[in-house]
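Structure file query38.txt (compact mmCIF, C-alpha atoms) is printed below.
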```
# COMPACT_ATOMS: atom_id res chain seq x y z
CA MET P 1 0.00 0.00 0.00
CA LEU P 2 2.80 2.35 0.95
CA PHE P 3 4.65 1.62 -2.28
CA THR P 4 1.47 2.28 -4.31
CA GLN P 5 0.98 5.71 -2.74
CA SER P 6 4.66 6.54 -3.27
CA PHE P 7 4.45 5.43 -6.88
CA ARG P 8 1.34 7.61 -7.46
CA LYS P 9 3.09 10.67 -6.03
CA SER P 10 6.19 10.02 -8.11
CA ARG P 11 4.06 9.53 -11.21
CA ALA P 12 2.41 12.89 -10.59
CA TRP P 13 5.78 14.56 -10.40
CA VAL P 14 6.84 12.84 -13.61
CA LEU P 15 3.69 14.01 -15.38
CA MET P 16 4.34 17.56 -14.26
CA ALA P 17 7.93 17.31 -15.52
CA GLY P 18 6.69 15.86 -18.79
CA ALA P 19 4.25 18.73 -19.23
CA ALA P 20 7.04 21.20 -18.65
CA SER P 21 9.20 19.37 -21.16
CA LEU P 22 6.39 19.41 -23.71
CA SER P 23 6.09 23.18 -23.45
CA ALA P 24 9.82 23.44 -24.13
CA CYS P 25 9.79 21.00 -27.05
CA ALA P 26 10.84 23.77 -29.41
CA THR P 27 14.09 24.13 -27.53
CA LEU P 28 15.15 20.50 -27.95
CA PRO P 29 18.52 20.10 -29.66
CA THR P 30 18.42 19.71 -33.44
CA ASN P 31 20.90 19.67 -36.32
CA GLY P 32 19.15 22.34 -38.36
CA PRO P 33 15.89 24.12 -39.19
CA THR P 34 12.75 22.56 -40.59
CA ALA P 35 11.51 23.40 -44.07
CA GLY P 36 9.04 25.90 -42.66
CA GLN P 37 11.71 27.70 -40.68
CA VAL P 38 13.85 28.06 -43.81
CA THR P 39 11.08 29.39 -46.04
CA ARG P 40 9.67 31.77 -43.42
CA VAL P 41 12.97 33.61 -43.06
CA VAL P 42 13.26 34.42 -46.79
CA GLY P 43 11.96 37.94 -47.36
CA SER P 44 11.20 38.49 -43.67
CA PRO P 45 12.74 41.17 -41.41
CA GLN P 46 15.16 38.47 -40.22
CA ASP P 47 16.53 38.14 -43.75
CA GLN P 48 19.38 40.65 -43.66
CA ILE P 49 21.18 39.48 -46.81
CA GLY P 50 18.31 39.44 -49.32
CA MET P 51 17.92 35.71 -49.93
CA ARG P 52 15.88 34.30 -52.81
CA LEU P 53 13.97 30.99 -52.77
CA GLN P 54 13.45 29.11 -56.03
CA ASP P 55 11.96 25.70 -56.67
CA ILE P 56 13.97 23.47 -59.00
CA THR P 57 11.84 23.17 -62.11
CA LEU P 58 12.47 22.47 -65.79
CA PRO P 59 12.13 26.17 -66.81
CA LEU P 60 14.63 27.11 -64.08
CA ILE P 61 17.16 24.54 -65.29
CA THR P 62 16.71 25.69 -68.90
CA THR P 63 17.39 29.27 -67.85
CA MET P 64 20.44 28.24 -65.83
CA VAL P 65 21.88 26.29 -68.78
CA ASP P 66 21.43 29.30 -71.08
CA GLU P 67 23.02 31.68 -68.58
CA SER P 68 25.91 29.28 -68.02
CA ARG P 69 26.51 29.10 -71.76
CA GLN P 70 26.50 32.90 -72.05
CA ALA P 71 28.90 33.18 -69.11
CA ASP P 72 31.25 30.63 -70.68
CA GLU P 73 31.31 32.63 -73.90
CA LYS P 74 32.61 35.64 -71.98
CA ILE P 75 35.41 33.70 -70.32
CA ILE P 76 38.79 34.07 -72.01
CA THR P 77 40.19 30.65 -72.87
CA LEU P 78 43.86 29.70 -72.96
CA ALA P 79 43.69 29.63 -76.76
CA GLN P 80 42.33 33.19 -76.85
CA PHE P 81 44.86 34.26 -74.24
CA ALA P 82 47.71 33.10 -76.48
CA GLU P 83 46.34 34.67 -79.69
CA GLY P 84 48.61 37.22 -81.31
CA ALA P 85 51.68 35.94 -79.53
CA GLY P 86 53.29 34.95 -82.82
CA ALA P 87 55.45 31.94 -83.52
CA ALA P 88 57.79 30.85 -80.77
CA THR P 89 61.50 31.45 -81.44
CA ASN P 90 62.90 28.77 -79.20
CA ASP P 91 66.36 28.78 -80.82
CA VAL P 92 67.15 32.46 -80.30
CA VAL P 93 70.27 32.92 -78.18
CA GLY P 94 70.34 35.05 -75.04
CA PRO P 95 72.53 35.81 -72.01
CA GLY P 96 73.52 32.73 -70.04
CA ASP P 97 73.31 30.36 -72.98
CA VAL P 98 76.27 28.14 -73.84
CA LEU P 99 77.26 27.58 -77.48
CA SER P 100 79.32 24.88 -79.13
CA ILE P 101 81.12 26.21 -82.23
CA LYS P 102 83.03 24.06 -84.71
CA LEU P 103 85.09 25.92 -87.33
CA PHE P 104 86.09 24.09 -90.53
CA GLU P 105 88.97 25.37 -92.71
CA VAL P 106 90.27 24.20 -96.09
CA GLY P 107 93.90 24.51 -97.20
CA VAL P 108 96.11 26.69 -95.07
CA SER P 109 94.50 26.72 -91.63
CA MET P 110 94.80 29.26 -88.85
CA PHE P 111 94.49 26.47 -86.33
CA GLY P 112 96.20 23.68 -88.34
CA ALA P 113 99.09 21.55 -87.07
CA MET P 114 102.64 22.73 -87.77
CA VAL P 115 105.23 20.69 -89.70
CA ALA P 116 108.28 19.39 -87.88
CA ASN P 117 110.59 22.28 -88.88
CA GLY P 118 107.87 24.79 -87.96
CA GLU P 119 108.01 26.56 -91.31
CA ALA P 120 104.35 26.29 -92.38
CA PRO P 121 101.10 24.57 -91.50
CA MET P 122 100.14 21.46 -93.41
CA PRO P 123 97.59 22.23 -96.18
CA ALA P 124 94.56 20.10 -95.28
CA ALA P 125 90.90 20.38 -94.24
CA ARG P 126 90.76 20.78 -90.50
CA ALA P 127 88.23 21.58 -87.78
CA GLN P 128 88.68 23.65 -84.66
CA ASP P 129 86.33 23.14 -81.72
CA PHE P 130 85.20 25.92 -79.43
CA ASP P 131 83.26 23.53 -77.25
CA THR P 132 82.04 25.86 -74.51
CA VAL P 133 81.35 29.46 -75.48
CA LEU P 134 79.35 31.39 -72.88
CA VAL P 135 77.06 34.23 -73.91
CA ASP P 136 77.72 36.95 -71.34
CA ARG P 137 75.23 39.27 -69.69
CA ASN P 138 75.60 41.75 -72.55
CA GLY P 139 74.66 39.10 -75.09
CA THR P 140 78.15 38.82 -76.62
CA ILE P 141 80.77 36.12 -77.15
CA LYS P 142 84.52 36.32 -77.79
CA LEU P 143 86.46 34.19 -80.29
CA PRO P 144 90.21 34.16 -81.12
CA TYR P 145 91.21 36.53 -83.98
CA VAL P 146 87.60 37.70 -84.33
CA GLY P 147 86.97 39.45 -81.07
CA THR P 148 83.54 40.27 -79.70
CA LEU P 149 80.35 39.28 -81.50
CA MET P 150 76.85 40.42 -80.49
CA VAL P 151 74.81 37.22 -80.66
CA ALA P 152 71.80 37.94 -78.41
CA GLY P 153 68.54 37.65 -80.32
CA ARG P 154 70.10 35.60 -83.13
CA THR P 155 69.69 31.95 -84.07
CA PRO P 156 72.59 29.46 -84.25
CA THR P 157 72.45 29.62 -88.05
CA GLU P 158 72.79 33.41 -88.01
CA ILE P 159 75.64 33.21 -85.51
CA GLY P 160 77.40 30.69 -87.76
CA LYS P 161 77.35 33.18 -90.62
CA MET P 162 78.76 35.87 -88.33
CA VAL P 163 81.63 33.55 -87.34
CA GLU P 164 82.38 32.71 -90.98
CA GLN P 165 82.49 36.41 -91.87
CA GLY P 166 84.79 37.07 -88.93
CA TYR P 167 87.32 34.46 -90.06
CA ALA P 168 86.97 35.03 -93.82
CA ARG P 169 89.77 37.63 -93.85
CA ARG P 170 92.18 35.35 -92.01
CA SER P 171 91.25 31.83 -93.08
CA GLN P 172 90.65 29.93 -96.29
CA ALA P 173 86.95 29.15 -96.96
CA PRO P 174 85.92 28.94 -93.29
CA GLN P 175 82.61 27.28 -92.40
CA ALA P 176 81.09 27.33 -88.93
CA LEU P 177 78.67 24.95 -87.28
CA VAL P 178 77.00 26.48 -84.20
CA MET P 179 74.85 24.53 -81.75
CA LEU P 180 73.05 25.49 -78.55
CA LYS P 181 74.75 23.40 -75.90
CA ARG P 182 72.84 24.87 -72.98
CA ASN P 183 69.64 26.80 -73.59
CA LEU P 184 68.75 28.96 -70.59
CA SER P 185 67.11 31.88 -72.35
CA ASN P 186 64.46 29.65 -73.96
CA THR P 187 62.99 27.99 -70.91
CA VAL P 188 59.70 27.85 -69.03
CA TYR P 189 59.16 27.39 -65.31
CA VAL P 190 56.87 24.72 -63.90
CA THR P 191 56.11 25.02 -60.17
CA GLY P 192 53.54 24.01 -57.60
CA ASP P 193 51.93 20.61 -57.24
CA VAL P 194 54.21 18.69 -59.64
CA ARG P 195 56.68 15.91 -58.92
CA LYS P 196 59.71 17.64 -60.49
CA PRO P 197 59.32 21.43 -60.35
CA GLY P 198 61.92 23.48 -62.15
CA ARG P 199 63.10 24.90 -65.46
CA ILE P 200 62.31 23.16 -68.75
CA GLU P 201 64.17 23.93 -71.97
CA LEU P 202 62.19 24.60 -75.13
CA THR P 203 63.20 23.14 -78.48
CA LEU P 204 62.40 23.78 -82.13
CA ARG P 205 59.64 21.22 -81.85
CA GLY P 206 57.49 23.80 -80.08
CA GLU P 207 56.51 22.24 -76.76
CA ARG P 208 52.92 22.59 -75.64
CA LEU P 209 51.51 23.19 -72.16
CA SER P 210 50.65 19.53 -71.55
CA ALA P 211 54.17 18.46 -72.58
CA ALA P 212 55.79 20.80 -70.04
CA ILE P 213 53.56 19.49 -67.25
CA ALA P 214 54.41 15.92 -68.24
CA GLU P 215 58.12 16.79 -68.35
CA ALA P 216 57.80 18.06 -64.78
CA GLY P 217 56.50 14.65 -63.70
CA GLY P 218 52.83 15.58 -63.69
CA THR P 219 50.80 15.87 -60.51
CA ALA P 220 50.06 13.28 -57.85
CA SER P 221 46.57 14.73 -57.36
CA ASN P 222 43.42 14.22 -59.41
CA ALA P 223 43.36 16.42 -62.50
CA GLN P 224 39.97 17.91 -61.56
CA ASP P 225 41.46 19.10 -58.25
CA ILE P 226 44.29 21.04 -59.91
CA LEU P 227 44.12 24.65 -61.05
CA VAL P 228 46.67 25.68 -63.70
CA ARG P 229 47.81 29.29 -63.32
CA PHE P 230 49.58 30.36 -66.51
CA SER P 231 51.61 33.58 -66.73
CA ARG P 232 53.06 35.26 -69.82
CA ARG P 233 54.57 38.75 -69.94
CA GLY P 234 52.73 39.90 -66.84
CA ARG P 235 49.35 38.50 -67.87
CA VAL P 236 47.75 35.66 -65.93
CA ILE P 237 45.00 33.16 -66.72
CA GLU P 238 43.66 30.17 -64.80
CA GLU P 239 42.14 26.92 -66.05
CA ARG P 240 41.32 23.53 -64.56
CA LEU P 241 43.85 20.86 -65.51
CA ASP P 242 41.18 18.35 -66.51
CA ARG P 243 39.91 20.79 -69.15
CA ILE P 244 43.27 20.97 -70.94
CA ARG P 245 43.25 18.17 -73.51
CA VAL P 246 46.42 17.09 -75.29
CA GLY P 247 46.59 18.72 -78.72
CA ALA P 248 43.41 20.77 -78.20
CA ALA P 249 43.20 24.53 -78.70
CA ASP P 250 43.84 25.21 -75.01
CA ASP P 251 47.00 23.09 -75.12
CA ILE P 252 48.93 26.14 -76.27
CA ARG P 253 52.52 26.29 -77.51
CA LEU P 254 54.93 27.69 -74.96
CA GLN P 255 57.28 30.63 -75.25
CA ALA P 256 60.39 31.65 -73.34
CA ASP P 257 59.82 32.75 -69.73
CA ASP P 258 56.29 31.36 -69.50
CA VAL P 259 55.41 30.36 -65.93
CA ILE P 260 53.16 27.39 -65.20
CA GLU P 261 51.96 26.92 -61.63
CA LEU P 262 49.83 23.96 -60.58
CA ILE P 263 47.71 24.69 -57.51
CA LYS P 264 45.80 22.04 -55.60
CA GLU P 265 42.31 23.46 -55.19
CA PRO P 266 39.74 20.66 -54.84
CA GLN P 267 36.14 21.36 -55.86
CA THR P 268 33.93 20.44 -52.91
CA TYR P 269 30.44 20.95 -51.53
CA THR P 270 29.26 20.77 -47.91
CA VAL P 271 26.41 18.70 -46.48
CA PHE P 272 24.37 19.72 -43.42
CA GLY P 273 21.12 18.69 -41.80
CA ALA P 274 19.38 15.34 -41.64
CA ALA P 275 21.83 13.51 -43.89
CA THR P 276 23.76 10.39 -42.99
CA LYS P 277 26.54 12.67 -41.73
CA VAL P 278 27.66 16.29 -41.90
CA THR P 279 30.64 16.34 -44.23
CA GLN P 280 32.57 18.07 -46.99
CA VAL P 281 32.44 16.06 -50.21
CA PRO P 282 34.89 16.36 -53.13
CA PHE P 283 33.57 16.37 -56.70
CA ASP P 284 36.20 13.85 -57.91
CA GLN P 285 34.99 14.48 -61.47
CA THR P 286 34.66 17.37 -63.91
CA GLU P 287 30.90 17.80 -63.50
CA LEU P 288 28.62 16.68 -60.69
CA SER P 289 24.82 16.70 -60.70
CA LEU P 290 22.58 17.38 -57.71
CA ALA P 291 21.35 13.77 -57.86
CA GLU P 292 24.93 12.51 -57.58
CA ALA P 293 25.67 14.98 -54.78
CA ILE P 294 22.70 13.78 -52.71
CA ALA P 295 23.70 10.15 -53.26
CA ARG P 296 27.31 10.80 -52.22
CA ALA P 297 26.04 12.42 -49.03
CA GLY P 298 24.18 9.22 -48.18
CA GLY P 299 20.77 10.67 -49.00
CA PRO P 300 18.12 11.81 -46.50
CA ASN P 301 18.10 10.00 -43.16
CA ASP P 302 14.85 7.99 -42.99
CA ALA P 303 14.42 8.66 -39.26
CA LEU P 304 15.14 12.39 -39.32
CA ALA P 305 14.78 13.97 -42.75
CA ASN P 306 11.97 15.63 -44.65
CA PRO P 307 12.48 14.43 -48.25
CA LYS P 308 10.05 17.07 -49.51
CA ALA P 309 12.52 19.84 -48.63
CA ILE P 310 16.06 19.41 -49.93
CA PHE P 311 17.73 22.83 -50.05
CA LEU P 312 20.83 23.98 -51.90
CA PHE P 313 22.44 27.28 -50.83
CA ARG P 314 24.51 29.16 -53.42
CA TYR P 315 25.72 32.66 -54.23
CA VAL P 316 24.54 33.32 -57.79
CA ARG P 317 26.16 36.05 -59.87
CA PRO P 318 23.79 37.57 -62.46
CA ILE P 319 24.73 37.42 -66.12
CA ASP P 320 25.41 41.17 -66.12
CA GLY P 321 28.26 40.63 -63.65
CA SER P 322 26.63 42.49 -60.76
CA GLU P 323 26.90 41.45 -57.12
CA ALA P 324 26.21 37.78 -56.37
CA LYS P 325 22.82 37.06 -54.77
CA PRO P 326 22.31 34.49 -51.99
CA THR P 327 19.90 31.97 -53.48
CA ILE P 328 18.18 28.91 -52.00
CA TYR P 329 17.05 26.17 -54.39
CA ARG P 330 14.40 23.72 -53.18
CA LEU P 331 13.85 20.15 -54.37
CA ASP P 332 10.93 17.87 -53.44
CA LEU P 333 12.08 14.26 -53.58
CA MET P 334 8.51 13.03 -53.07
CA GLN P 335 7.79 14.11 -56.66
CA PRO P 336 8.99 11.59 -59.29
CA GLN P 337 10.01 14.30 -61.76
CA SER P 338 12.42 15.72 -59.19
CA TYR P 339 14.78 12.80 -59.74
CA PHE P 340 15.07 13.71 -63.42
CA LEU P 341 15.50 17.40 -62.64
CA ALA P 342 18.22 16.61 -60.09
CA GLN P 343 20.22 14.91 -62.86
CA LYS P 344 20.18 18.12 -64.91
CA PHE P 345 20.97 20.51 -62.05
CA MET P 346 24.77 20.91 -61.91
CA MET P 347 26.65 21.49 -58.67
CA ARG P 348 29.24 24.25 -58.25
CA LYS P 349 32.26 24.59 -56.05
CA GLY P 350 31.29 25.81 -52.57
CA ASP P 351 27.61 24.77 -52.72
CA VAL P 352 25.92 23.96 -49.41
CA LEU P 353 23.46 21.06 -49.49
CA TYR P 354 20.96 21.06 -46.62
CA ILE P 355 18.52 18.21 -45.96
CA SER P 356 15.83 19.66 -43.72
CA ASN P 357 14.59 18.03 -40.54
CA ALA P 358 11.10 16.56 -40.40
CA LYS P 359 8.68 18.01 -37.84
CA ILE P 360 8.24 14.54 -36.37
CA ASN P 361 11.94 14.62 -35.54
CA ARG P 362 11.42 16.82 -32.47
CA ILE P 363 8.40 14.82 -31.34
CA SER P 364 10.47 11.64 -31.56
CA LYS P 365 13.15 13.22 -29.40
CA PHE P 366 10.53 14.31 -26.85
CA VAL P 367 9.00 10.83 -26.73
CA GLY P 368 12.47 9.45 -26.16
CA ILE P 369 12.90 11.76 -23.16
CA LEU P 370 9.53 10.67 -21.71
CA ASN P 371 10.49 7.04 -22.13
CA GLN P 372 13.67 7.66 -20.17
CA LEU P 373 11.64 9.35 -17.39
CA PHE P 374 8.86 6.75 -17.11
CA SER P 375 10.88 3.62 -17.71
CA PRO P 376 12.25 3.22 -14.11
CA PHE P 377 8.79 3.60 -12.54
CA ILE P 378 7.14 1.25 -14.99
CA THR P 379 9.81 -1.32 -14.27
CA ALA P 380 9.42 -0.86 -10.50
CA ARG P 381 5.64 -1.24 -10.71
CA ALA P 382 5.96 -4.42 -12.74
CA LEU P 383 8.32 -5.88 -10.16
CA SER P 384 5.99 -4.99 -7.27
CA GLN P 385 3.07 -6.87 -8.78
```
What does the file become when written as structure tokens?
Amino acid sequence: MLFTQSFRKSRAWVLMAGAASLSACATLPTNGPTAGQVTRVVGSPQDQIGMRLQDITLPLITTMVDESRQADEKIITLAQFAEGAGAATNDVVGPGDVLSIKLFEVGVSMFGAMVANGEAPMPAARAQDFDTVLVDRNGTIKLPYVGTLMVAGRTPTEIGKMVEQGYARRSQAPQALVMLKRNLSNTVYVTGDVRKPGRIELTLRGERLSAAIAEAGGTASNAQDILVRFSRRGRVIEERLDRIRVGAADDIRLQADDVIELIKEPQTYTVFGAATKVTQVPFDQTELSLAEAIARAGGPNDALANPKAIFLFRYVRPIDGSEAKPTIYRLDLMQPQSYFLAQKFMMRKGDVLYISNAKINRISKFVGILNQLFSPFITARALSQ
């Protein structure tokens, strides 16, 4: 009897506590707002950044595709960036280069061997090697009996003619063969996220951008995660590595002093709300649809999520280039057509995917709290009977 009275009093206290908890249900912990809380803020006094809410529909996707195409047409490509640069002169000599010069003479030679009595050189065709001739900072070289020659800005063939003219007054039918032994003035620089960063020499073949990256060992990262920053004569352009195809228009021919920097900059989106887990997800491919993004996030949690309200938060820059507008896109996964639309809606770097909480979510949490409160007394009552 005593236990029964005590149990009744305790139950009354529990009911009072439960009533108090019910009134505070709105303050239960949650991992994000419900669909209603999201939509009510848009356009309200609480909206301090001017958000827009748009349902994902076929007309919206058609408009977005058209605007994306117009925006792409305004973007300067690598091919356009390199237009007007002219043909590369990768064999032009400059300061710091090293030449190898071979001088051939017929008959009496300036550099021929002497006879035993030392009276005269032996009349024969001979060659004299100037194996290492450095082009100084002024762009000149020095040769015996010729003196100083200005060779900067000239090709090996042109330098050979200069050498022949220099020796013509002192030698019989001289002919010169000039080769670039070390080509420092015709190089490009490859830095950043490559295996072998450094200087790469250009040849008469006309190396392209992809060849220089390959020569530097390529990158250990995924191509879609790499941004190529290309600099030429003070101008800079950026392009994703996975968009540069070998031999395509954007695989431009390189010129001396070009700088190629590979920067690891993964394209990712962030997942919040009633998903399997809150996480940052990499694209891992050139293009990613909303359907793929939802699937990679694990989809809506059956116990927590409201599949009728999948939100995507994005800053959208108008086609006229004005300030980007904070925009919320809404998708209803309870509608069959939404699964087709989600395949056409393309994700962008920095998107935030939010899977809203169902209203029943808070009620479930409250019921769980009540179960924890009542469970000891129910157990005790069962044992007393």
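Here atom CA of Ala79 of chain P stands at a distance of 21.1 Å from atom CA of Glu215 of chain P.
Between Gln175 of chain P and the residues P:Ala127, P:Val194, P:Val65, P:Leu134, the shortest atom-to-atom distance, using all atoms listed in the file, involves P:Ala127.
Going from atom CA of Thr187 of chain P over to atom CA of Ala256 of chain P, you cover 5.1 Å.
Taking atom CA of Glu207 of chain P and atom CA of Met150 of chain P as endpoints, the distance between them is 27.5 Å.
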Once 3 Å is added on each side, what are the centre and the three edge lengths, in Å to one decimal, of the axis-aligned box enclosing the listed atoms of segment 148-157 of chain P? Present them as lines of an AutoDock Vina configuration file.
```
center_x = 76.0
center_y = 34.9
center_z = -83.2
size_x = 21.0
size_y = 17.0
size_z = 15.6
```
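Closest approach to Val151 of chain P among P:Val281, P:Phe130, P:Ala358, P:Val92 is made by P:Val92 (distances from only C-alpha atoms).
Among the candidates P:Pro318, P:Pro326, P:Gly192, P:Gly198, the one nearest to Leu262 of chain P when counting all atoms listed in the file is P:Gly192.
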Near-segment 55-58 of chain P list (6 Å; all atoms listed in the file; drop same-chain fewer than 5 positions) as an MDAnalysis selection string: chainID P and resid 329:331
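Nearest-residue note for Asp320 of chain P: choosing from P:Thr286, P:Asn301, P:Gln70, P:Thr270, the minimum distance belongs to P:Gln70, counting all atoms listed in the file.
Taking only C-alpha atoms, the non-local environment of segment 336-343 of chain P within 6 Å (same-chain residues fewer than 6 positions away omitted) comprises Ser289, Leu290 and Ala291 of chain P.
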Residue with smallest distance to Val278 of chain P - pool P:Ile355, P:Leu60, P:Ala220, P:Ile252, counting only C-alpha atoms: P:Ile355
